[in-house]
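Enquirer: Provided below: query.cif, containing mmCIF, C-alpha atoms and all ligand atoms.
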```
data_query
#
loop_
_atom_site.label_atom_id
_atom_site.label_comp_id
_atom_site.auth_asym_id
_atom_site.auth_seq_id
_atom_site.Cartn_x
_atom_site.Cartn_y
_atom_site.Cartn_z
CA MET A 1 0.00 0.00 0.00
CA THR A 2 1.38 3.44 -0.94
CA ALA A 3 1.61 6.31 1.46
CA ASN A 4 -1.16 8.22 -0.32
CA GLU A 5 -3.53 5.28 -0.16
CA ARG A 6 -2.97 5.23 3.57
CA LYS A 7 -4.03 8.83 4.03
CA GLY A 8 -7.52 9.05 5.44
CA THR A 9 -7.67 5.32 6.08
CA GLY A 10 -5.68 5.51 9.27
CA VAL A 11 -2.64 3.32 9.28
CA THR A 12 -4.17 0.43 7.37
CA GLY A 13 -1.46 -1.88 6.16
CA LEU A 14 1.29 -0.28 8.24
CA SER A 15 3.51 -2.81 10.02
CA VAL A 16 4.48 -1.77 13.54
CA ILE A 17 6.80 -3.43 16.04
CA ILE A 18 6.42 -2.33 19.63
CA ALA A 19 9.26 -3.29 21.97
CA GLY A 20 7.75 -3.64 25.43
CA GLY A 21 4.31 -4.83 26.45
CA GLY A 22 3.75 -2.50 29.40
CA VAL A 23 0.87 -0.10 29.77
CA GLY A 24 2.17 2.27 27.07
CA GLY A 25 3.06 -0.38 24.50
CA ILE A 26 -0.15 -2.36 24.86
CA SER A 27 -2.33 0.77 24.82
CA LEU A 28 -0.64 1.86 21.61
CA ALA A 29 -1.11 -1.62 20.12
CA GLY A 30 -4.87 -1.45 20.74
CA MET A 31 -5.10 2.01 19.24
CA LEU A 32 -3.16 1.06 16.11
CA THR A 33 -4.87 -2.26 15.40
CA ARG A 34 -8.18 -0.39 15.55
CA GLN A 35 -6.85 1.74 12.69
CA GLY A 36 -5.88 -1.30 10.66
CA ALA A 37 -2.17 -1.61 11.45
CA ARG A 38 -0.45 -4.98 11.80
CA VAL A 39 1.14 -4.80 15.21
CA THR A 40 3.68 -7.10 16.82
CA VAL A 41 4.57 -6.57 20.48
CA LEU A 42 7.86 -8.01 21.75
CA GLU A 43 7.83 -8.39 25.52
CA LYS A 44 10.80 -9.80 27.37
CA THR A 45 8.92 -11.23 30.37
CA PRO A 46 6.41 -14.10 30.41
CA PRO A 47 2.68 -13.18 30.36
CA GLY A 48 1.28 -11.55 33.52
CA ARG A 49 4.64 -10.50 34.95
CA GLY A 50 4.11 -6.74 35.00
CA ARG A 51 5.78 -4.51 37.57
CA GLY A 52 3.94 -2.49 40.17
CA ALA A 53 0.73 -3.15 42.07
CA ALA A 54 -1.82 -0.50 41.18
CA LEU A 55 -2.10 2.88 39.51
CA ALA A 56 -4.12 6.03 39.48
CA ILE A 57 -5.40 6.63 35.96
CA TRP A 58 -6.43 10.22 35.29
CA PRO A 59 -8.76 11.84 32.74
CA ASN A 60 -5.87 12.86 30.46
CA ALA A 61 -5.14 9.16 29.85
CA MET A 62 -8.79 8.12 29.71
CA LEU A 63 -9.69 10.64 27.02
CA GLY A 64 -6.56 9.68 25.08
CA LEU A 65 -7.81 6.07 25.14
CA LEU A 66 -11.20 7.21 23.95
CA ALA A 67 -9.91 9.53 21.22
CA SER A 68 -7.32 7.25 19.62
CA GLY A 69 -8.66 3.90 20.79
CA ASP A 70 -12.39 3.57 21.16
CA ALA A 71 -15.22 3.29 23.66
CA GLU A 72 -14.42 -0.39 24.13
CA MET A 73 -10.93 0.38 25.46
CA TYR A 74 -12.21 3.29 27.50
CA ASP A 75 -15.10 1.33 29.00
CA ALA A 76 -12.87 -1.61 29.86
CA VAL A 77 -10.58 0.59 31.96
CA LEU A 78 -13.48 2.50 33.46
CA ALA A 79 -15.10 -0.75 34.57
CA LEU A 80 -11.93 -1.74 36.44
CA GLY A 81 -11.46 1.53 38.23
CA ARG A 82 -12.81 2.99 41.39
CA PRO A 83 -13.57 6.68 40.80
CA VAL A 84 -12.21 9.14 43.34
CA HIS A 85 -13.78 12.53 43.93
CA HIS A 86 -11.44 14.16 46.39
CA ALA A 87 -7.93 13.75 47.78
CA LEU A 88 -6.44 14.69 51.13
CA MET A 89 -2.93 16.05 51.74
CA GLY A 90 -1.34 15.99 55.13
CA SER A 91 1.34 14.91 57.52
CA LEU A 92 2.51 11.50 58.68
CA ASP A 93 0.24 11.73 61.71
CA ARG A 94 -2.70 12.02 59.30
CA ARG A 95 -3.51 15.62 60.01
CA TRP A 96 -5.01 16.96 56.78
CA TYR A 97 -3.88 20.36 55.57
CA GLY A 98 -5.40 20.35 52.12
CA ARG A 99 -8.41 18.89 50.36
CA VAL A 100 -8.40 18.52 46.59
CA ASP A 101 -11.78 18.59 44.93
CA LEU A 102 -11.74 16.25 41.94
CA ARG A 103 -15.40 16.69 40.98
CA PRO A 104 -14.62 19.40 38.40
CA LEU A 105 -12.69 16.75 36.45
CA THR A 106 -15.89 14.72 36.06
CA GLU A 107 -17.88 17.84 35.22
CA HIS A 108 -15.47 18.86 32.47
CA TYR A 109 -14.27 15.53 31.11
CA GLY A 110 -16.90 12.99 32.07
CA VAL A 111 -14.46 10.99 34.16
CA THR A 112 -12.37 11.46 37.28
CA GLY A 113 -9.28 9.72 38.70
CA LEU A 114 -9.53 5.92 38.84
CA GLY A 115 -7.66 3.52 41.08
CA VAL A 116 -6.90 0.33 39.12
CA VAL A 117 -4.97 -2.85 39.86
CA ARG A 118 -2.15 -3.01 37.35
CA THR A 119 -2.51 -6.71 36.46
CA GLU A 120 -6.23 -6.20 35.86
CA LEU A 121 -5.54 -3.16 33.70
CA MET A 122 -2.94 -5.07 31.70
CA SER A 123 -5.22 -8.10 31.18
CA ALA A 124 -7.99 -5.87 29.85
CA LEU A 125 -5.69 -3.95 27.52
CA VAL A 126 -4.02 -7.15 26.29
CA GLU A 127 -7.38 -8.72 25.54
CA LEU A 128 -8.41 -5.69 23.47
CA SER A 129 -5.04 -5.12 21.81
CA GLY A 130 -5.65 -7.17 18.66
CA ALA A 131 -1.86 -7.49 18.38
CA ASP A 132 0.49 -10.41 17.97
CA ILE A 133 2.09 -10.32 21.43
CA ARG A 134 5.24 -12.40 21.70
CA TYR A 135 6.28 -12.96 25.29
CA GLY A 136 9.77 -13.94 26.35
CA GLN A 137 11.28 -11.91 23.49
CA GLU A 138 13.98 -9.48 24.57
CA VAL A 139 14.88 -6.71 22.15
CA ILE A 140 18.58 -5.97 22.24
CA GLY A 141 18.98 -3.61 19.31
CA ALA A 142 17.17 -1.50 16.74
CA THR A 143 18.29 0.56 13.76
CA PRO A 144 16.62 3.56 12.14
CA ASP A 145 15.70 1.53 9.04
CA GLY A 146 13.14 -0.34 11.18
CA THR A 147 15.18 -3.45 11.99
CA VAL A 148 14.91 -4.96 15.46
CA THR A 149 17.28 -7.57 16.88
CA LEU A 150 16.19 -10.06 19.53
CA ALA A 151 18.37 -11.67 22.19
CA GLY A 152 17.97 -15.00 20.41
CA GLY A 153 19.60 -13.54 17.30
CA GLU A 154 16.43 -13.19 15.19
CA THR A 155 15.89 -9.93 13.30
CA LEU A 156 12.51 -8.45 12.39
CA ARG A 157 11.56 -5.45 10.28
CA ALA A 158 8.64 -3.06 10.26
CA ASP A 159 7.52 0.26 8.80
CA VAL A 160 7.57 1.71 12.32
CA VAL A 161 9.36 0.59 15.49
CA VAL A 162 8.31 1.94 18.87
CA GLY A 163 10.54 1.50 21.91
CA ALA A 164 8.03 1.22 24.77
CA ASP A 165 10.45 -0.85 26.80
CA GLY A 166 10.51 1.20 29.97
CA VAL A 167 13.06 3.29 31.78
CA GLY A 168 16.04 1.07 30.92
CA SER A 169 14.97 0.95 27.25
CA ALA A 170 17.22 -1.11 24.98
CA VAL A 171 15.78 0.75 22.00
CA ARG A 172 16.77 4.05 23.56
CA ARG A 173 20.25 2.72 24.24
CA ALA A 174 20.52 1.73 20.58
CA LEU A 175 19.71 5.31 19.55
CA ARG A 176 21.45 7.33 22.20
CA PRO A 177 24.77 7.19 23.99
CA PRO A 178 25.12 5.09 27.15
CA GLY A 179 24.64 6.83 30.49
CA SER A 180 21.48 8.58 29.41
CA VAL A 181 19.41 6.95 32.14
CA ASP A 182 19.99 9.10 35.18
CA ARG A 183 19.35 7.91 38.66
CA LEU A 184 18.18 10.33 41.30
CA GLY A 185 20.96 11.65 43.49
CA LYS A 186 19.76 9.90 46.64
CA PRO A 187 18.50 6.31 46.60
CA HIS A 188 14.78 6.57 45.84
CA THR A 189 12.49 3.60 46.02
CA GLY A 190 8.79 3.07 45.53
CA TRP A 191 7.06 0.39 47.60
CA GLN A 192 3.48 -0.39 46.77
CA GLY A 193 0.86 -3.04 47.23
CA VAL A 194 -2.80 -3.95 47.11
CA ALA A 195 -4.26 -4.61 50.57
CA HIS A 196 -7.19 -6.99 50.65
CA GLN A 197 -8.48 -6.34 54.12
CA THR A 198 -11.46 -4.05 53.99
CA ASP A 199 -11.79 -2.96 57.60
CA ILE A 200 -8.53 -1.11 58.16
CA TRP A 201 -9.29 2.00 56.11
CA ASP A 202 -12.55 3.56 55.07
CA GLY A 203 -11.16 6.35 52.92
CA THR A 204 -13.15 7.31 49.85
CA GLY A 205 -10.42 9.25 48.13
CA PRO A 206 -6.63 9.23 47.97
CA GLU A 207 -4.74 10.23 51.10
CA PHE A 208 -1.20 11.56 50.76
CA MET A 209 1.03 11.85 53.83
CA PHE A 210 4.32 13.67 53.48
CA GLY A 211 7.34 13.28 55.69
CA MET A 212 10.79 11.72 56.15
CA GLY A 213 11.85 12.94 52.72
CA GLY A 214 9.15 10.90 51.00
CA ALA A 215 5.46 10.22 50.95
CA ALA A 216 3.01 7.50 51.83
CA GLY A 217 -0.49 7.20 50.50
CA MET A 218 -3.60 5.16 49.97
CA LEU A 219 -6.14 5.01 47.16
CA PRO A 220 -9.41 3.07 47.20
CA LEU A 221 -9.83 0.29 44.65
CA THR A 222 -12.81 -1.79 43.63
CA GLY A 223 -13.83 -4.75 45.78
CA GLY A 224 -12.93 -2.97 49.02
CA ARG A 225 -9.23 -3.27 48.23
CA THR A 226 -6.75 -0.48 48.85
CA TYR A 227 -3.71 0.58 46.89
CA TRP A 228 -1.00 1.86 49.20
CA PHE A 229 2.45 3.18 48.44
CA VAL A 230 5.50 4.54 50.19
CA ASP A 231 8.21 6.24 48.23
CA GLY A 232 11.36 7.99 49.26
CA PRO A 233 14.89 7.14 50.35
CA ILE A 234 13.86 3.74 51.77
CA ASP A 235 15.67 0.69 50.59
CA THR A 236 14.66 -1.75 53.33
CA ARG A 237 11.06 -2.79 53.93
CA PRO A 238 8.97 0.18 55.06
CA GLU A 239 7.60 -1.53 58.19
CA THR A 240 10.88 -0.81 59.96
CA GLN A 241 11.09 2.83 58.96
CA GLY A 242 8.58 4.64 61.14
CA TRP A 243 5.85 5.27 58.59
CA PRO A 244 2.29 5.75 59.87
CA GLU A 245 0.73 2.70 61.53
CA ILE A 246 -1.94 2.56 58.83
CA VAL A 247 0.80 1.82 56.29
CA ASN A 248 2.08 -1.08 58.39
CA ARG A 249 -1.43 -2.46 58.59
CA MET A 250 -1.77 -2.12 54.82
CA ILE A 251 1.47 -4.03 54.32
CA ALA A 252 0.31 -6.77 56.68
CA ALA A 253 -2.90 -7.09 54.63
CA THR A 254 -1.03 -7.35 51.33
CA PRO A 255 -0.31 -10.76 49.79
CA GLU A 256 3.46 -11.04 49.23
CA ASP A 257 2.98 -11.44 45.47
CA GLN A 258 1.17 -8.11 45.37
CA LEU A 259 3.87 -6.16 47.14
CA ALA A 260 6.20 -4.44 44.69
CA LYS A 261 9.45 -2.59 45.11
CA ASP A 262 10.76 -0.39 42.30
CA ARG A 263 13.88 1.68 42.07
CA VAL A 264 12.64 5.03 40.87
CA TYR A 265 14.42 6.83 38.06
CA THR A 266 13.89 10.01 36.21
CA ARG A 267 15.45 11.86 33.33
CA ALA A 268 14.66 15.20 31.71
CA PRO A 269 12.97 14.72 28.33
CA VAL A 270 15.17 15.48 25.33
CA ARG A 271 14.01 16.77 21.97
CA GLY A 272 13.79 14.40 19.03
CA TRP A 273 14.02 11.13 20.93
CA GLY A 274 13.66 9.00 17.79
CA ALA A 275 15.49 8.43 14.51
CA GLY A 276 14.29 7.21 11.11
CA ARG A 277 11.55 4.62 11.57
CA ILE A 278 12.08 4.41 15.34
CA THR A 279 10.55 6.39 18.13
CA LEU A 280 10.17 5.97 21.90
CA LEU A 281 7.10 5.96 24.11
CA GLY A 282 6.34 6.22 27.82
CA ASP A 283 9.12 5.67 30.35
CA ALA A 284 11.54 4.80 27.55
CA ALA A 285 11.20 8.39 26.34
CA HIS A 286 10.17 10.32 29.42
CA PRO A 287 10.30 8.49 32.77
CA LEU A 288 8.57 10.40 35.53
CA LEU A 289 8.88 10.17 39.28
CA PRO A 290 5.81 8.78 41.03
CA THR A 291 5.56 12.14 42.85
CA VAL A 292 3.25 13.27 40.07
CA GLY A 293 1.41 9.92 39.60
CA GLN A 294 1.44 10.36 35.82
CA GLY A 295 4.04 8.01 34.30
CA ALA A 296 1.54 5.46 33.00
CA CYS A 297 -0.96 8.18 32.11
CA MET A 298 1.70 10.00 30.08
CA ALA A 299 2.54 6.72 28.34
CA ILE A 300 -1.13 6.30 27.37
CA GLU A 301 -1.44 9.95 26.37
CA SER A 302 1.71 9.70 24.26
CA ALA A 303 0.34 6.51 22.66
CA ALA A 304 -2.83 8.39 21.75
CA VAL A 305 -0.89 11.26 20.18
CA LEU A 306 1.37 8.87 18.27
CA ALA A 307 -1.63 6.90 16.98
CA ALA A 308 -3.28 10.16 15.89
CA ARG A 309 -0.16 11.41 14.07
CA LEU A 310 0.25 8.09 12.25
CA ARG A 311 -3.43 8.11 11.35
CA ASP A 312 -3.25 11.59 9.85
CA ALA A 313 0.06 11.29 7.99
CA THR A 314 1.01 10.07 4.56
CA ASP A 315 4.60 9.46 5.63
CA PRO A 316 5.01 7.44 8.84
CA VAL A 317 8.55 8.73 9.43
CA ALA A 318 7.30 12.33 9.32
CA ALA A 319 4.50 11.29 11.69
CA LEU A 320 7.04 10.02 14.23
CA ARG A 321 8.97 13.30 14.17
CA GLN A 322 5.74 15.28 14.47
CA TYR A 323 4.72 13.15 17.47
CA GLU A 324 8.08 13.78 19.16
CA ARG A 325 7.75 17.55 18.59
CA ASP A 326 4.18 17.58 19.81
CA ARG A 327 4.93 15.69 23.01
CA PHE A 328 8.07 17.52 24.10
CA ARG A 329 6.47 20.50 25.78
CA ARG A 330 3.77 18.55 27.56
CA VAL A 331 6.05 15.88 28.99
CA THR A 332 8.60 18.52 29.99
CA THR A 333 5.93 20.43 31.90
CA VAL A 334 4.86 17.28 33.75
CA PHE A 335 8.50 16.33 34.37
CA LYS A 336 9.14 19.75 35.95
CA ARG A 337 6.06 19.34 38.11
CA SER A 338 7.35 15.97 39.30
CA ILE A 339 10.65 17.56 40.30
CA THR A 340 8.90 20.42 42.12
CA LEU A 341 6.92 17.84 44.06
CA LEU A 342 10.12 15.97 44.87
CA ARG A 343 11.72 19.18 46.21
CA GLN A 344 8.65 19.84 48.29
CA ARG A 345 9.39 16.58 50.08
CA SER A 346 12.79 17.73 51.21
CA ILE A 347 11.35 20.78 53.01
CA PRO A 348 11.43 20.14 56.79
CA ASP A 349 8.10 18.61 57.81
CA PRO A 350 6.85 21.41 60.11
CA LEU A 351 7.62 24.05 57.48
CA ARG A 352 5.93 22.10 54.66
CA ASN A 353 2.89 21.39 56.80
CA GLY A 354 2.69 25.07 57.68
CA MET A 355 2.92 26.04 54.02
CA LEU A 356 0.27 23.48 53.06
CA SER A 357 -2.09 24.70 55.73
CA LEU A 358 -1.76 28.29 54.45
CA MET A 359 -2.48 27.38 50.84
CA PRO A 360 -6.13 27.68 49.82
CA ASP A 361 -7.65 24.35 48.71
CA ARG A 362 -8.26 25.87 45.28
CA ALA A 363 -4.54 26.45 44.84
CA ILE A 364 -3.71 22.90 45.97
CA THR A 365 -6.38 21.54 43.62
CA PHE A 366 -5.02 23.58 40.73
CA PHE A 367 -1.52 22.24 41.29
CA PHE A 368 -2.60 18.65 41.96
CA THR A 369 -4.92 18.31 38.98
CA GLY A 370 -2.84 20.29 36.48
CA SER A 371 -1.36 17.22 34.81
CA ALA A 372 -4.58 15.22 35.03
CA LYS A 373 -6.44 17.48 32.61
CA PRO A 374 -6.56 16.15 29.05
CA ILE A 375 -4.51 17.94 26.40
CA PRO A 376 -6.66 20.17 24.16
CA GLU A 377 -6.87 17.74 21.24
CA PHE A 378 -8.49 15.08 23.43
CA ALA A 379 -10.39 17.31 25.86
CA GLY A 380 -13.70 16.96 24.00
CA ALA A 381 -13.46 13.26 23.22
CA HIS A 382 -16.24 12.43 25.66
CA LEU A 383 -18.60 14.85 23.91
CA THR A 384 -18.29 13.38 20.44
CA GLY A 385 -21.01 10.82 20.74
CA ARG A 386 -19.01 8.22 22.61
CA ARG A 387 -20.49 6.50 25.60
CA VAL A 388 -19.15 7.67 28.94
CA ARG A 389 -20.00 6.27 32.32
CA ASP A 390 -18.89 7.37 35.74
CA SER A 391 -21.63 5.78 37.69
CA VAL A 392 -19.88 4.11 40.61
CA PRO A 393 -20.97 6.27 43.55
CA GLU A 394 -18.61 7.54 46.18
CA ARG A 395 -18.82 5.49 49.38
CA ASP A 396 -20.75 7.17 52.14
CA GLY A 397 -18.90 8.59 55.09
CA GLY A 398 -15.23 9.05 54.56
CA SER A 399 -12.08 10.49 55.81
C1 LIG B 1 5.82 3.50 43.18
C2 LIG B 1 5.28 3.91 41.83
C3 LIG B 1 3.97 4.40 41.73
C4 LIG B 1 3.46 4.81 40.49
N1 LIG B 1 2.19 5.29 40.43
C5 LIG B 1 1.68 5.70 39.25
C6 LIG B 1 0.33 6.17 39.15
O1 LIG B 1 -0.43 6.18 40.13
N2 LIG B 1 -0.12 6.60 37.94
C7 LIG B 1 0.66 6.59 36.83
O2 LIG B 1 0.19 7.01 35.75
N3 LIG B 1 1.95 6.13 36.89
C8 LIG B 1 2.47 5.68 38.06
N4 LIG B 1 3.74 5.20 38.12
C9 LIG B 1 4.59 5.22 36.89
C10 LIG B 1 4.27 4.04 35.99
O3 LIG B 1 4.44 2.84 36.69
C11 LIG B 1 5.21 4.03 34.77
O4 LIG B 1 5.43 5.32 34.32
C12 LIG B 1 4.57 3.20 33.65
O5 LIG B 1 4.54 1.84 34.00
C13 LIG B 1 5.34 3.39 32.34
O6 LIG B 1 4.76 2.57 31.35
P1 LIG B 1 5.63 2.06 30.12
O7 LIG B 1 4.72 1.20 29.30
O8 LIG B 1 6.30 3.20 29.46
O9 LIG B 1 6.79 1.21 30.77
P2 LIG B 1 6.71 -0.11 31.64
O10 LIG B 1 5.43 -0.18 32.39
O11 LIG B 1 7.98 -0.15 32.42
O12 LIG B 1 6.70 -1.28 30.57
C14 LIG B 1 7.85 -1.57 29.82
C15 LIG B 1 7.72 -3.01 29.35
O13 LIG B 1 8.82 -3.31 28.50
C16 LIG B 1 9.37 -4.57 28.84
N5 LIG B 1 10.77 -4.55 28.43
C17 LIG B 1 11.81 -3.94 29.04
N6 LIG B 1 12.93 -4.11 28.34
C18 LIG B 1 12.60 -4.85 27.26
C19 LIG B 1 13.34 -5.36 26.15
N7 LIG B 1 14.64 -5.12 26.03
N8 LIG B 1 12.69 -6.10 25.22
C20 LIG B 1 11.35 -6.34 25.35
N9 LIG B 1 10.61 -5.89 26.36
C21 LIG B 1 11.22 -5.15 27.31
C22 LIG B 1 9.16 -4.68 30.34
O14 LIG B 1 9.17 -6.02 30.76
C23 LIG B 1 7.79 -4.02 30.49
O15 LIG B 1 6.74 -4.94 30.34
C24 LIG B 1 4.28 4.75 39.33
C25 LIG B 1 5.57 4.22 39.43
C26 LIG B 1 6.07 3.80 40.66
C27 LIG B 1 7.45 3.25 40.72
#
```
Turn this file's structure into structure tokens for me.

Expert:
Amino acid sequence: MTANERKGTGVTGLSVIIAGGGVGGISLAGMLTRQGARVTVLEKTPPGRGRGAALAIWPNAMLGLLASGDAEMYDAVLALGRPVHHALMGSLDRRWYGRVDLRPLTEHYGVTGLGVVRTELMSALVELSGADIRYGQEVIGATPDGTVTLAGGETLRADVVVGADGVGSAVRRALRPPGSVDRLGKPHTGWQGVAHQTDIWDGTGPEFMFGMGGAAGMLPLTGGRTYWFVDGPIDTRPETQGWPEIVNRMIAATPEDQLAKDRVYTRAPVRGWGAGRITLLGDAAHPLLPTVGQGACMAIESAAVLAARLRDATDPVAALRQYERDRFRRVTTVFKRSITLLRQRSIPDPLRNGMLSLMPDRAITFFFTGSAKPIPEFAGAHLTGRRVRDSVPERDGGS
């Protein structure tokens, strides 16, 4: 099929290899197969071995799914998520200094923040991906002509290659000099899990507790489960570190196989992160600290922009460069916000608490929800005749 024939028919006939079957890669696969592309995903781990326990998925990602995927993808994620309508910010002794009102997100975009279990999210996206997903296939190299090399020695070729292989991306390493994955100055680790006990916390929205150079938090999930996390300079298990008692109880209620520990990395986005037929997506291109809770959402949002650029272009290589240009400013803004939030953690606790208590809730809400708002090209996706539900009511009572 010629480039001109492709115009207006999406990416029909385009062959795409996606290195990495994480949330970004699989979301992109679903978006592209819906436009008629032939997509192969190469994932180095066996099926069901994703990292992390749960995630907050925000409207910016949801409307990206709807705009470049379809209502089926959107509805599948919505059905897994527990909507949250407010968030609380406070200290380690659970004194709340700020309340973030998330209801305007629903009013404007038809959806609010959703707490989802990562394995459940991945299963749903995989089922809807329509792609040829090859597990146990490690990509070790890629060249701008669209050739990908696997650890077993096999080479594959495609019209477009997307490195969605996470923060340590082999595709990125093939394009850029070594040493381009920067670690934070101090050891920074994210611990997280899904607690199954329903009677230890009755919160109806996320709670964020700042202190000890890090943060701990909880987010309600479906089925009475709770997503909890602790991140900061904590290498050993958090139970021994003096975090709030509620966190210890969450850990005790978490099955060992649902407790995850991740080293947390970040890196400032660089312009033009691709070359030739290759581009990068998600953490491979722009890893974000969990301080901003947007890494997976940015991966989905980037997937939606990439799918849209490929759909609208006659030349896929030009589409990749356009996508990289279009994403740079947005991901840089969110990256800077993540760093600001990291710095806020190093302010002595009494001073930060004092500052938080002086800030009006509207200002805290503005800052907290800034990244969660959809980018302009997707902001009206829920108004264009697609079905949108946000019907799970907030639990009564609350924190
Ligand atoms: C503690 C913590 C809390 C977080 N909370 C949130 C949150 O609430 N909301 C949010 O949006 N984000 C959150 N994030 C960030 C989020 O987890 C990541 O940004 C997101 O997973 C990035 O998705 P990705 O698809 O780009 O990469 P990944 O999810 O890392 O997926 C990359 C995939 O590529 C595979 N792979 C790697 N190398 C190769 C290779 N050479 N060949 C083939 N396959 C390969 C990996 O096995 C993996 O499956 C959090 C992160 C942490 C650490």

Enquirer: Taking (7.6, 14.2, 41.5) in the coordinates of the supplied file, I want to know which residues reach to within 7 Å of it, counting all atoms listed in the file; could you give the answer as JSON, numbers by chain?

Expert: {"A": [289, 290, 291, 292, 337, 338, 339, 340, 341, 342]}

Enquirer: My list of candidates is A:Thr279, A:Thr365, A:Gln137, A:Ser68. Which is closest to Pro46 in chain A when distances are computed with all atoms listed in the file?

Expert: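 For Pro46 in chain A, the nearest of the given residues is A:Gln137.
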
Enquirer: Taking only C-alpha atoms and all ligand atoms and a cut-off of 7 Å, can you tell me which residues surround ligand LIG 1 (chain B), written as an MDAnalysis selection string?

Expert: chainID A and resid 19:25 42:45 50:52 54:57 137:140 164:170 190:192 229 231 262:264 281:284 287:290 293:299

Enquirer: So that I can see what lies close to range 74-78 of chain A, please list as an mmCIF file with C-alpha atoms, in the frame of the given file the residues with an atom at most 12 Å from it, counting all atoms listed in the file and leaving out residues fewer than 6 positions away in the same chain.

Expert:
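The resulting out_17.cif:
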```cif
data_model
loop_
_atom_site.group_PDB
_atom_site.id
_atom_site.type_symbol
_atom_site.label_atom_id
_atom_site.label_comp_id
_atom_site.auth_asym_id
_atom_site.auth_seq_id
_atom_site.Cartn_x
_atom_site.Cartn_y
_atom_site.Cartn_z
ATOM 1 C CA VAL A 23 0.870 -0.100 29.770
ATOM 2 C CA SER A 27 -2.330 0.770 24.820
ATOM 3 C CA GLY A 30 -4.870 -1.450 20.740
ATOM 4 C CA MET A 31 -5.100 2.010 19.240
ATOM 5 C CA LEU A 55 -2.100 2.880 39.510
ATOM 6 C CA ALA A 56 -4.120 6.030 39.480
ATOM 7 C CA ILE A 57 -5.400 6.630 35.960
ATOM 8 C CA TRP A 58 -6.430 10.220 35.290
ATOM 9 C CA PRO A 59 -8.760 11.840 32.740
ATOM 10 C CA ASN A 60 -5.870 12.860 30.460
ATOM 11 C CA ALA A 61 -5.140 9.160 29.850
ATOM 12 C CA MET A 62 -8.790 8.120 29.710
ATOM 13 C CA LEU A 63 -9.690 10.640 27.020
ATOM 14 C CA GLY A 64 -6.560 9.680 25.080
ATOM 15 C CA LEU A 65 -7.810 6.070 25.140
ATOM 16 C CA LEU A 66 -11.200 7.210 23.950
ATOM 17 C CA ALA A 67 -9.910 9.530 21.220
ATOM 18 C CA SER A 68 -7.320 7.250 19.620
ATOM 19 C CA VAL A 84 -12.210 9.140 43.340
ATOM 20 C CA GLY A 110 -16.900 12.990 32.070
ATOM 21 C CA VAL A 111 -14.460 10.990 34.160
ATOM 22 C CA THR A 112 -12.370 11.460 37.280
ATOM 23 C CA GLY A 113 -9.280 9.720 38.700
ATOM 24 C CA LEU A 114 -9.530 5.920 38.840
ATOM 25 C CA GLY A 115 -7.660 3.520 41.080
ATOM 26 C CA VAL A 116 -6.900 0.330 39.120
ATOM 27 C CA VAL A 117 -4.970 -2.850 39.860
ATOM 28 C CA ARG A 118 -2.150 -3.010 37.350
ATOM 29 C CA THR A 119 -2.510 -6.710 36.460
ATOM 30 C CA GLU A 120 -6.230 -6.200 35.860
ATOM 31 C CA LEU A 121 -5.540 -3.160 33.700
ATOM 32 C CA MET A 122 -2.940 -5.070 31.700
ATOM 33 C CA SER A 123 -5.220 -8.100 31.180
ATOM 34 C CA ALA A 124 -7.990 -5.870 29.850
ATOM 35 C CA LEU A 125 -5.690 -3.950 27.520
ATOM 36 C CA VAL A 126 -4.020 -7.150 26.290
ATOM 37 C CA GLU A 127 -7.380 -8.720 25.540
ATOM 38 C CA LEU A 128 -8.410 -5.690 23.470
ATOM 39 C CA SER A 129 -5.040 -5.120 21.810
ATOM 40 C CA LEU A 221 -9.830 0.290 44.650
ATOM 41 C CA THR A 222 -12.810 -1.790 43.630
ATOM 42 C CA ILE A 300 -1.130 6.300 27.370
ATOM 43 C CA ALA A 381 -13.460 13.260 23.220
ATOM 44 C CA HIS A 382 -16.240 12.430 25.660
ATOM 45 C CA ARG A 386 -19.010 8.220 22.610
ATOM 46 C CA ARG A 387 -20.490 6.500 25.600
ATOM 47 C CA VAL A 388 -19.150 7.670 28.940
ATOM 48 C CA ARG A 389 -20.000 6.270 32.320
ATOM 49 C CA ASP A 390 -18.890 7.370 35.740
ATOM 50 C CA SER A 391 -21.630 5.780 37.690
ATOM 51 C CA VAL A 392 -19.880 4.110 40.610
#
```

Enquirer: Record the distance separating CA of Leu358 in chain A and CA of Tyr97 in chain A, expressed in Å with one decimal.

Expert: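 CA of Tyr97 in chain A lies at a distance of 8.3 Å from CA of Leu358 in chain A.
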
Enquirer: Which one of A:Val100, A:Met250, A:Val317, A:Ala215 sits closest to Pro144 in chain A if you count all atoms listed in the file?

Expert: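 Of the candidates, the smallest distance to Pro144 in chain A is held by A:Val317.
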
Enquirer: As a JSON list (two decimals) with C-alpha atoms, in the frame of the given file, please: the residues near Arg329 in chain A (cut-off 12 Å, all atoms listed in the file, same-chain neighbours under 4 positions excluded).

Expert:
```json
[["chain", "number", "residue", "atom", "x", "y", "z"],
["A", 268, "ALA", "CA", 14.66, 15.20, 31.71],
["A", 269, "PRO", "CA", 12.97, 14.72, 28.33],
["A", 270, "VAL", "CA", 15.17, 15.48, 25.33],
["A", 271, "ARG", "CA", 14.01, 16.77, 21.97],
["A", 272, "GLY", "CA", 13.79, 14.40, 19.03],
["A", 286, "HIS", "CA", 10.17, 10.32, 29.42],
["A", 302, "SER", "CA", 1.71, 9.70, 24.26],
["A", 323, "TYR", "CA", 4.72, 13.15, 17.47],
["A", 324, "GLU", "CA", 8.08, 13.78, 19.16],
["A", 325, "ARG", "CA", 7.75, 17.55, 18.59],
["A", 333, "THR", "CA", 5.93, 20.43, 31.90],
["A", 334, "VAL", "CA", 4.86, 17.28, 33.75],
["A", 335, "PHE", "CA", 8.50, 16.33, 34.37],
["A", 336, "LYS", "CA", 9.14, 19.75, 35.95],
["A", 375, "ILE", "CA", -4.51, 17.94, 26.40]]
```
